[in-house]
Each structure stands twice: as C-alpha cells, then as structure tokens.
file data_1.cif (mmCIF, C-alpha atoms)
data_run
loop_
_atom_site.label_atom_id
_atom_site.label_comp_id
_atom_site.auth_asym_id
_atom_site.auth_seq_id
_atom_site.Cartn_x
_atom_site.Cartn_y
_atom_site.Cartn_z
CA MET E 21 9.28 13.04 -16.40
CA SER E 22 6.76 10.44 -17.54
CA MET E 23 5.94 9.36 -21.08
CA ALA E 24 2.24 10.09 -20.68
CA GLU E 25 0.36 12.47 -18.44
CA THR E 26 -1.93 9.94 -16.78
CA LEU E 27 -1.87 6.34 -15.62
CA LYS E 28 -4.36 3.64 -16.57
CA ILE E 29 -6.86 3.12 -13.77
CA SER E 30 -9.71 0.68 -13.28
CA SER E 31 -13.08 1.78 -11.89
CA GLN E 32 -15.97 -0.45 -10.77
CA GLY E 33 -19.19 0.28 -8.91
CA ARG E 34 -20.78 3.56 -7.84
CA GLY E 35 -20.72 5.77 -4.77
CA LEU E 36 -17.97 7.28 -2.66
CA PRO E 37 -14.71 6.75 -4.65
CA LEU E 38 -12.09 4.54 -2.98
CA VAL E 39 -8.63 4.49 -4.59
CA PHE E 40 -6.51 1.40 -3.81
CA ILE E 41 -2.71 1.55 -4.17
CA HIS E 42 -0.68 -1.68 -3.99
CA GLY E 43 2.71 -2.39 -2.41
CA TRP E 44 6.24 -3.04 -3.67
CA GLY E 45 6.85 -5.66 -6.33
CA LEU E 46 3.17 -6.53 -6.79
CA ASN E 47 0.24 -4.90 -8.61
CA SER E 48 -3.43 -3.97 -8.29
CA GLY E 49 -4.41 -7.65 -8.66
CA VAL E 50 -3.87 -8.04 -4.90
CA TRP E 51 -7.03 -6.01 -4.26
CA GLN E 52 -9.33 -8.18 -6.41
CA PRO E 53 -11.06 -10.08 -3.55
CA SER E 54 -11.77 -6.76 -1.77
CA VAL E 55 -12.92 -5.08 -4.99
CA GLU E 56 -15.50 -7.80 -5.65
CA VAL E 57 -17.26 -7.01 -2.35
CA LEU E 58 -16.69 -3.26 -2.05
CA LYS E 59 -17.85 -2.39 -5.57
CA GLU E 60 -21.41 -3.13 -4.40
CA TYR E 61 -21.24 -0.11 -2.08
CA PHE E 62 -18.58 2.23 -3.47
CA GLU E 63 -16.85 3.27 -6.65
CA VAL E 64 -13.68 1.20 -6.36
CA ILE E 65 -10.68 2.52 -8.27
CA THR E 66 -7.49 0.48 -8.51
CA VAL E 67 -4.28 1.94 -9.85
CA ASP E 68 -0.97 0.29 -10.66
CA LEU E 69 2.16 2.22 -9.76
CA PRO E 70 4.22 3.41 -12.77
CA GLY E 71 6.08 0.43 -14.26
CA PHE E 72 3.74 -2.14 -12.63
CA GLY E 73 0.70 -4.12 -13.84
CA ALA E 74 -1.44 -2.21 -16.34
CA ASN E 75 1.08 0.66 -16.21
CA LEU E 76 4.06 -1.55 -17.05
CA GLU E 77 4.98 0.66 -20.03
CA HIS E 78 4.70 3.90 -18.07
CA SER E 79 8.25 4.95 -17.28
CA LEU E 80 8.85 7.60 -14.68
CA PHE E 81 12.07 9.50 -14.14
CA PRO E 82 12.95 10.39 -11.51
CA TYR E 83 11.04 7.63 -9.71
CA THR E 84 10.18 9.74 -6.66
CA LEU E 85 7.30 9.67 -4.23
CA ALA E 86 6.28 13.23 -5.16
CA GLU E 87 6.18 12.36 -8.89
CA ILE E 88 4.13 9.20 -8.27
CA ALA E 89 1.69 11.07 -5.99
CA THR E 90 1.16 13.81 -8.58
CA LEU E 91 0.63 11.25 -11.34
CA ILE E 92 -1.90 9.13 -9.41
CA GLN E 93 -3.87 12.11 -8.14
CA GLY E 94 -3.96 13.57 -11.66
CA SER E 95 -5.12 10.22 -13.08
CA VAL E 96 -7.93 9.83 -10.53
CA ALA E 97 -8.80 13.52 -11.04
CA LYS E 98 -11.51 13.79 -8.37
CA PRO E 99 -11.74 13.84 -4.58
CA ALA E 100 -11.59 10.30 -3.18
CA VAL E 101 -10.67 8.14 -0.20
CA TYR E 102 -7.12 6.82 -0.68
CA ILE E 103 -6.19 3.37 0.63
CA GLY E 104 -2.53 2.38 0.41
CA TRP E 105 -0.87 -0.90 1.39
CA SER E 106 2.77 -1.03 2.51
CA LEU E 107 4.73 1.11 -0.02
CA GLY E 108 1.29 2.19 -1.30
CA GLY E 109 0.69 3.65 2.16
CA LEU E 110 3.64 6.01 1.64
CA VAL E 111 2.19 7.01 -1.75
CA ALA E 112 -1.34 7.54 -0.35
CA SER E 113 0.08 9.59 2.54
CA GLU E 114 2.09 11.70 0.09
CA ILE E 115 -1.09 12.40 -1.90
CA ALA E 116 -2.87 13.41 1.34
CA LEU E 117 0.02 15.72 2.25
CA ASN E 118 0.40 17.33 -1.18
CA PHE E 119 -3.25 17.37 -2.35
CA PRO E 120 -5.36 17.57 0.84
CA LYS E 121 -8.44 18.89 -0.99
CA GLN E 122 -8.40 15.82 -3.25
CA VAL E 123 -8.31 13.32 -0.36
CA LYS E 124 -11.55 12.79 1.58
CA ALA E 125 -9.92 10.32 3.93
CA LEU E 126 -6.73 8.26 4.18
CA ILE E 127 -6.39 4.58 5.06
CA THR E 128 -2.97 2.96 5.30
CA VAL E 129 -2.61 -0.82 5.55
CA ALA E 130 0.52 -2.44 7.06
CA SER E 131 2.48 0.72 6.36
CA SER E 132 5.02 2.84 8.17
CA PRO E 133 6.20 6.43 7.61
CA CYS E 134 9.73 5.00 7.78
CA PHE E 135 10.16 1.33 6.87
CA VAL E 136 13.86 0.99 7.72
CA GLU E 137 15.11 0.36 11.24
CA GLN E 138 17.05 3.30 12.64
CA GLU E 139 18.22 4.51 16.02
CA ASN E 140 15.17 4.49 18.33
CA TRP E 141 12.95 3.35 15.45
CA LEU E 142 11.75 -0.18 14.68
CA GLY E 143 11.51 -1.38 11.11
CA ILE E 144 13.06 -3.62 8.46
CA LYS E 145 16.76 -4.24 9.08
CA PRO E 146 18.79 -2.34 6.43
CA ASN E 147 20.71 -5.50 5.43
CA VAL E 148 17.41 -7.20 4.43
CA LEU E 149 16.66 -4.45 1.88
CA THR E 150 20.29 -4.45 0.70
CA LEU E 151 19.94 -8.20 0.08
CA PHE E 152 16.75 -7.62 -1.96
CA HIS E 153 18.55 -5.03 -4.12
CA ARG E 154 21.36 -7.55 -4.72
CA GLN E 155 18.97 -10.43 -5.47
CA LEU E 156 17.03 -8.30 -7.99
CA ALA E 157 20.12 -8.07 -10.17
CA GLU E 158 20.27 -11.88 -10.30
CA ASP E 159 16.69 -13.17 -10.38
CA THR E 160 13.60 -10.93 -10.18
CA THR E 161 11.04 -13.75 -10.01
CA LYS E 162 12.85 -15.47 -7.14
CA THR E 163 13.15 -12.13 -5.29
CA ILE E 164 9.41 -11.44 -5.62
CA ASN E 165 8.60 -14.98 -4.46
CA ASN E 166 10.85 -14.52 -1.40
CA PHE E 167 9.15 -11.21 -0.68
CA LEU E 168 5.70 -12.85 -0.89
CA LYS E 169 6.83 -15.36 1.76
CA ILE E 170 7.97 -12.58 4.09
CA GLN E 171 4.65 -10.77 3.66
CA ALA E 172 2.66 -13.83 4.73
CA MET E 173 5.07 -14.86 7.51
CA GLY E 174 3.21 -15.24 10.79
CA SER E 175 -0.18 -15.72 9.15
CA PRO E 176 -2.13 -18.70 10.52
CA HIS E 177 -2.70 -19.85 6.93
CA LEU E 178 0.69 -19.05 5.42
CA ARG E 179 0.57 -21.32 2.34
CA HIS E 180 -2.93 -20.25 1.38
CA ASP E 181 -1.97 -16.56 1.62
CA ILE E 182 1.21 -16.96 -0.46
CA LYS E 183 -0.67 -18.98 -3.09
CA LEU E 184 -3.51 -16.45 -3.31
CA LEU E 185 -1.14 -13.45 -3.48
CA ARG E 186 0.87 -15.15 -6.22
CA GLU E 187 -2.23 -16.06 -8.24
CA LEU E 188 -3.65 -12.53 -8.01
CA VAL E 189 -0.37 -10.86 -8.93
CA MET E 190 0.68 -13.22 -11.74
CA GLY E 191 -2.38 -12.25 -13.81
CA PHE E 192 -0.42 -9.13 -14.77
CA PRO E 193 2.91 -8.74 -16.59
CA GLN E 194 5.86 -8.50 -14.21
CA PRO E 195 7.81 -5.26 -13.71
CA THR E 196 11.35 -4.76 -14.96
CA LYS E 197 14.43 -5.01 -12.73
CA THR E 198 14.90 -1.25 -13.07
CA THR E 199 11.37 -0.47 -11.87
CA LEU E 200 11.71 -2.93 -8.97
CA ASP E 201 15.05 -1.45 -7.95
CA GLU E 202 13.88 2.18 -8.22
CA SER E 203 10.70 1.49 -6.23
CA LEU E 204 12.62 -0.52 -3.61
CA LYS E 205 14.78 2.57 -3.09
CA LEU E 206 11.62 4.40 -1.97
CA LEU E 207 11.08 1.82 0.79
CA THR E 208 14.73 2.26 1.76
CA THR E 209 14.93 6.06 1.73
CA VAL E 210 11.51 7.67 2.34
CA ASP E 211 10.93 9.10 5.81
CA GLN E 212 7.55 10.76 6.43
CA ARG E 213 7.77 10.79 10.23
CA GLU E 214 7.95 14.57 10.53
CA SER E 215 5.14 15.10 7.99
CA LEU E 216 2.59 12.75 9.55
CA ALA E 217 1.27 15.33 12.03
CA GLN E 218 0.25 17.54 9.08
CA ILE E 219 -2.40 15.04 7.96
CA SER E 220 -5.61 16.54 9.33
CA ILE E 221 -8.18 14.64 7.24
CA PRO E 222 -9.81 11.47 8.70
CA PHE E 223 -6.99 8.92 8.90
CA LEU E 224 -7.25 5.18 9.65
CA ARG E 225 -4.19 2.96 10.13
CA LEU E 226 -4.56 -0.82 9.85
CA TYR E 227 -1.95 -3.33 10.99
CA GLY E 228 -1.33 -7.04 11.35
CA LYS E 229 -0.07 -7.95 14.83
CA LEU E 230 2.20 -10.64 13.32
CA ASP E 231 3.66 -8.40 10.59
CA GLY E 232 7.38 -8.98 10.02
CA LEU E 233 7.86 -5.77 7.98
CA VAL E 234 6.04 -3.28 10.22
CA PRO E 235 6.84 -4.54 13.74
CA ARG E 236 4.04 -4.46 16.30
CA LYS E 237 6.16 -2.31 18.63
CA ALA E 238 6.43 0.39 15.94
CA ILE E 239 2.66 1.04 16.01
CA ALA E 240 2.72 3.08 19.23
CA ALA E 241 5.57 5.22 17.87
CA ILE E 242 3.56 5.94 14.70
CA THR E 243 0.49 6.79 16.81
CA ALA E 244 2.59 9.33 18.73
CA LEU E 245 3.40 11.03 15.40
CA SER E 246 -0.27 11.03 14.33
CA PRO E 247 -2.34 11.19 17.54
CA ASN E 248 -5.60 12.05 15.74
CA SER E 249 -5.57 8.97 13.52
CA ASN E 250 -7.58 5.82 14.27
CA VAL E 251 -5.83 2.47 14.65
CA VAL E 252 -7.05 -1.10 14.18
CA ILE E 253 -4.75 -4.09 14.71
CA PHE E 254 -5.77 -7.49 13.29
CA GLU E 255 -4.63 -9.97 15.94
CA GLN E 256 -3.94 -12.98 13.70
CA ALA E 257 -2.84 -11.12 10.55
CA SER E 258 0.59 -10.49 9.09
CA HIS E 259 1.53 -7.97 6.35
CA ALA E 260 -1.51 -8.57 4.12
CA PRO E 261 -4.65 -8.56 6.33
CA PHE E 262 -6.93 -8.05 3.31
CA ILE E 263 -5.69 -11.43 2.01
CA SER E 264 -5.58 -13.41 5.28
CA HIS E 265 -8.69 -11.86 6.89
CA PRO E 266 -10.78 -10.40 4.04
CA GLU E 267 -14.09 -10.27 5.93
CA ALA E 268 -12.60 -8.47 8.95
CA PHE E 269 -10.70 -6.10 6.65
CA ILE E 270 -13.80 -5.17 4.63
CA GLU E 271 -15.97 -4.81 7.71
CA THR E 272 -13.39 -2.53 9.38
CA VAL E 273 -13.07 -0.30 6.30
CA THR E 274 -16.83 -0.04 5.63
CA THR E 275 -17.67 0.59 9.31
CA TRP E 276 -15.07 3.35 9.56
CA LEU E 277 -16.20 4.93 6.28
CA ALA E 278 -19.95 4.82 7.12
CA PRO E 279 -20.24 8.08 9.13
CA LEU E 280 -17.66 9.69 6.87
CA ASP E 281 -19.65 8.69 3.78
CA ARG E 282 -22.76 10.41 5.10
CA ARG E 283 -20.83 13.47 6.22
CA ILE E 284 -19.09 13.78 2.86
CA ASP E 285 -22.20 13.28 0.75
CA GLY E 286 -24.40 15.39 3.00
#
call {"tool": "encode", "arguments": {"input": "data_1.cif", "output": "structure tokens"}}
result
Amino acid sequence: MSMAETLKISSQGRGLPLVFIHGWGLNSGVWQPSVEVLKEYFEVITVDLPGFGANLEHSLFPYTLAEIATLIQGSVAKPAVYIGWSLGGLVASEIALNFPKQVKALITVASSPCFVEQENWLGIKPNVLTLFHRQLAEDTTKTINNFLKIQAMGSPHLRHDIKLLRELVMGFPQPTKTTLDESLKLLTTVDQRESLAQISIPFLRLYGKLDGLVPRKAIAAITALSPNSNVVIFEQASHAPFISHPEAFIETVTTWLAPLDRRIDG
C-alpha cells in the first residue's frame, strides 16, 4: 500500500471542479497551457500519478489501476469532472467505474480501453511496448524523449509540440525507472473493453485523427463499446491535441461542459 493516504494536488480557480490526469512518463505540467485558460471558468485540479511530478516520493505497491483510482479519488475528495489523457484516461475511467457518485462527467483524451493491439483490435504493437521496457533499463531520459516524439508524430507542427511538451514536463523531477516500468505495465496489461458499457455518466471521448498510439480505425470500435458517449476527433491533431490545438481543445471541453455545468449546479 502507499506511504501516505493522499496525493499532493494543485487547485486553481473556482466553479465546477475539473480534475486533470496526465499520461505515461510525463506529469501534470503538460496541462499548464489549458489550466491558465480554464481556471477563469472552473476550479482546475491537477494531480500527478504516484511516483510522478509532485508525487515523486509517493510509492505505491502494488502499482495497480484500482489502487491509483482509489488514491486520486480520495485525494480530490469531492464530486468532480475527471479528464484523463492517454494512460490517464484509463485511470479516469477506473474512477468513473469504481466511484460513480464522485464523477460528474468523464472526458478521455487520446485514450483507449485497451492500448495494445490484439486479434480484431487495433492498438500499439506489443513489440513497441516491449522495446520501451527494455530501453528503460538502459536510459530513462532517452526513452521519455523517444516517447515524446511518438506522441507528436503526425502533428503539423511536430517540433513545436515536442519542444513544448518537453519544457512543460521538465519543470518537475523525473520519475524513477521502477515507477516508469510499473506504470508502463498498466498500458501493456489493462483492458477495460468489457467495463466501458457500465459508464452511464456523461462521457466525452476526444481523439487526434493522426494519433500513432490510438489508431483512427480503433475509434469506431470504442464507440461500439460505449454507444452513449460523445466523440470529437481533431482532424490535424496527433496524441496530444491540447498541446497542438489548445484553442480547439478548450473550446470543445467548455462547450460540452456548458449544459452539464448548469444541470449539475441547478
């Protein structure tokens, strides 16, 4: 179990609480450009996964999705909208599944209920993740840099996106090899496909059409598993639409939340 009962979280602004959860290998710094805008309208809460960013010292054993979900929900400790990117989408979905009364709405960004390619399922080729595991043992910084390149691949402004992601992330201490390896195992092993239909709260799924990690052709298959969810695809974006297309990302999120915000507060 964990060393402490709660994680460090950051809260800015007032209004409907939005909880942002980052992806593998990075930290809550990635959300900074979005936070700066959204904090004018909402209470924006960012949380680093155990062993990452501000929670670098927070060890978690076993490093499971259920443990992480319980820890984040307990740290936020109030009903909120959960927004998860990539691996963070799995975490946010797990919170929605396990603590439905604590989740007012769910937004996943460039995420999949099953990231690894399998029979009749499109995803990341297993050998790519195996290679990342192997590289982590040799050079963590190089592995993270390679991963940043993959995330921006396909973006019309590739270099700008990689540079911005790196700058935002490097403001925090870097995770240990153990944390990176344990959290990468989640991307490799978690399969929420059968659970997705149980999510009955308002659910928005955002994708980049040029994403190399969540293939465009997988989107229809995910929709079939969650027919009541809403879907928006950013035509020119890759794996990090909030970095490559911040205005479109923020407009999409705020527009979708507007009727929900009134319904929740009223």
call {"tool": "closest_residue", "arguments": {"input": "data_1.cif", "among": "E:Ile88, E:Val55, E:Ile164, E:Ile41", "to": "E:Gly108", "atoms": "only C-alpha atoms"}}
result
E:Ile41
call {"tool": "residues_around", "arguments": {"input": "data_1.cif", "residues": "stretch 255-265 of chain E", "least_positions_apart": "5", "cutoff": "7 Å", "atoms": "all atoms listed in the file", "output": "number ranges by chain"}}
result
E: 130, 171-176, 181, 228-233
call {"tool": "closest_residue", "arguments": {"input": "data_1.cif", "among": "E:Ile253, E:Ile92, E:Leu168, E:Ala86", "to": "E:Gln212", "atoms": "all atoms listed in the file"}}
result
E:Ala86
call {"tool": "residues_around", "arguments": {"input": "data_1.cif", "residues": "stretch 62-76 of chain E", "least_positions_apart": "2", "cutoff": "7 Å", "atoms": "only C-alpha atoms", "output": "ChimeraX atom specification"}}
result
/E:27-42,47-48,55,58-60,78-80,192-195,199
call {"tool": "closest_residue", "arguments": {"input": "data_1.cif", "among": "E:Gly143, E:Gly45, E:Pro279, E:Pro82", "to": "E:Leu156", "atoms": "all atoms listed in the file"}}
result
E:Gly45
call {"tool": "resolve_selection", "arguments": {"input": "data_1.cif", "expression": "the PyMOL selection byres ((chain E and resi 110) around 10)", "output": "PyMOL selection string"}}
result
chain E and resi 41+43+85+89+104-109+111-116+128+131-135+206-207+210-212
call {"tool": "atom_distance", "arguments": {"input": "data_1.cif", "atom1": "atom CA of E:Asn248", "atom2": "atom CA of E:Leu117"}}
result
15.1 Å
call {"tool": "atom_distance", "arguments": {"input": "data_1.cif", "atom1": "atom CA of E:Ile242", "atom2": "atom CA of E:Leu149"}}
result
21.1 Å
call {"tool": "residues_around", "arguments": {"input": "data_1.cif", "residues": "E:Asn165", "least_positions_apart": "4", "cutoff": "10 Å", "atoms": "only C-alpha atoms", "output": "VMD selection string"}}
result
chain E and resid 45 160 to 161 169 to 171 182 185 to 186
call {"tool": "closest_residue", "arguments": {"input": "data_1.cif", "among": "E:Gln52, E:Glu87, E:Gln138, E:Thr274", "to": "E:Glu187", "atoms": "all atoms listed in the file"}}
result
E:Gln52
call {"tool": "atom_distance", "arguments": {"input": "data_1.cif", "atom1": "atom CA of E:Asn118", "atom2": "atom CA of E:Thr90"}}
result
8.2 Å
call {"tool": "closest_residue", "arguments": {"input": "data_1.cif", "among": "E:Leu245, E:Ala157, E:Val234, E:Leu188", "to": "E:Ser215", "atoms": "all atoms listed in the file"}}
result
E:Leu245
call {"tool": "closest_residue", "arguments": {"input": "data_1.cif", "among": "E:Ala268, E:Ile127, E:Leu91, E:Val148", "to": "E:Ser54", "atoms": "only C-alpha atoms"}}
result
E:Ala268
call {"tool": "residues_around", "arguments": {"input": "data_1.cif", "residues": "E:Gln122", "least_positions_apart": "2", "cutoff": "6 Å", "atoms": "only C-alpha atoms", "output": "list in words"}}
result
Pro99, Phe119 and Pro120 of chain E
call {"tool": "residues_near_point", "arguments": {"input": "data_1.cif", "point": "(3.7, 9.8, 13.7)", "cutoff": "7 Å", "atoms": "all atoms listed in the file", "output": "PyMOL selection string"}}
result
chain E and resi 213+216-217+241-246
call {"tool": "write_last_selection", "arguments": {"input": "data_1.cif", "atoms": "C-alpha atoms", "output": "JSON list (two decimals), in the coordinates of the input"}}
result
[["chain", "number", "residue", "atom", "x", "y", "z"],
["E", 213, "ARG", "CA", 7.77, 10.79, 10.23],
["E", 216, "LEU", "CA", 2.59, 12.75, 9.55],
["E", 217, "ALA", "CA", 1.27, 15.33, 12.03],
["E", 241, "ALA", "CA", 5.57, 5.22, 17.87],
["E", 242, "ILE", "CA", 3.56, 5.94, 14.70],
["E", 243, "THR", "CA", 0.49, 6.79, 16.81],
["E", 244, "ALA", "CA", 2.59, 9.33, 18.73],
["E", 245, "LEU", "CA", 3.40, 11.03, 15.40],
["E", 246, "SER", "CA", -0.27, 11.03, 14.33]]
call {"tool": "residues_around", "arguments": {"input": "data_1.cif", "residues": "E:Ser249", "least_positions_apart": "6", "cutoff": "12 Å", "atoms": "all atoms listed in the file", "output": "PyMOL selection string"}}
result
chain E and resi 125-128+216-226+239-240+242-243+276
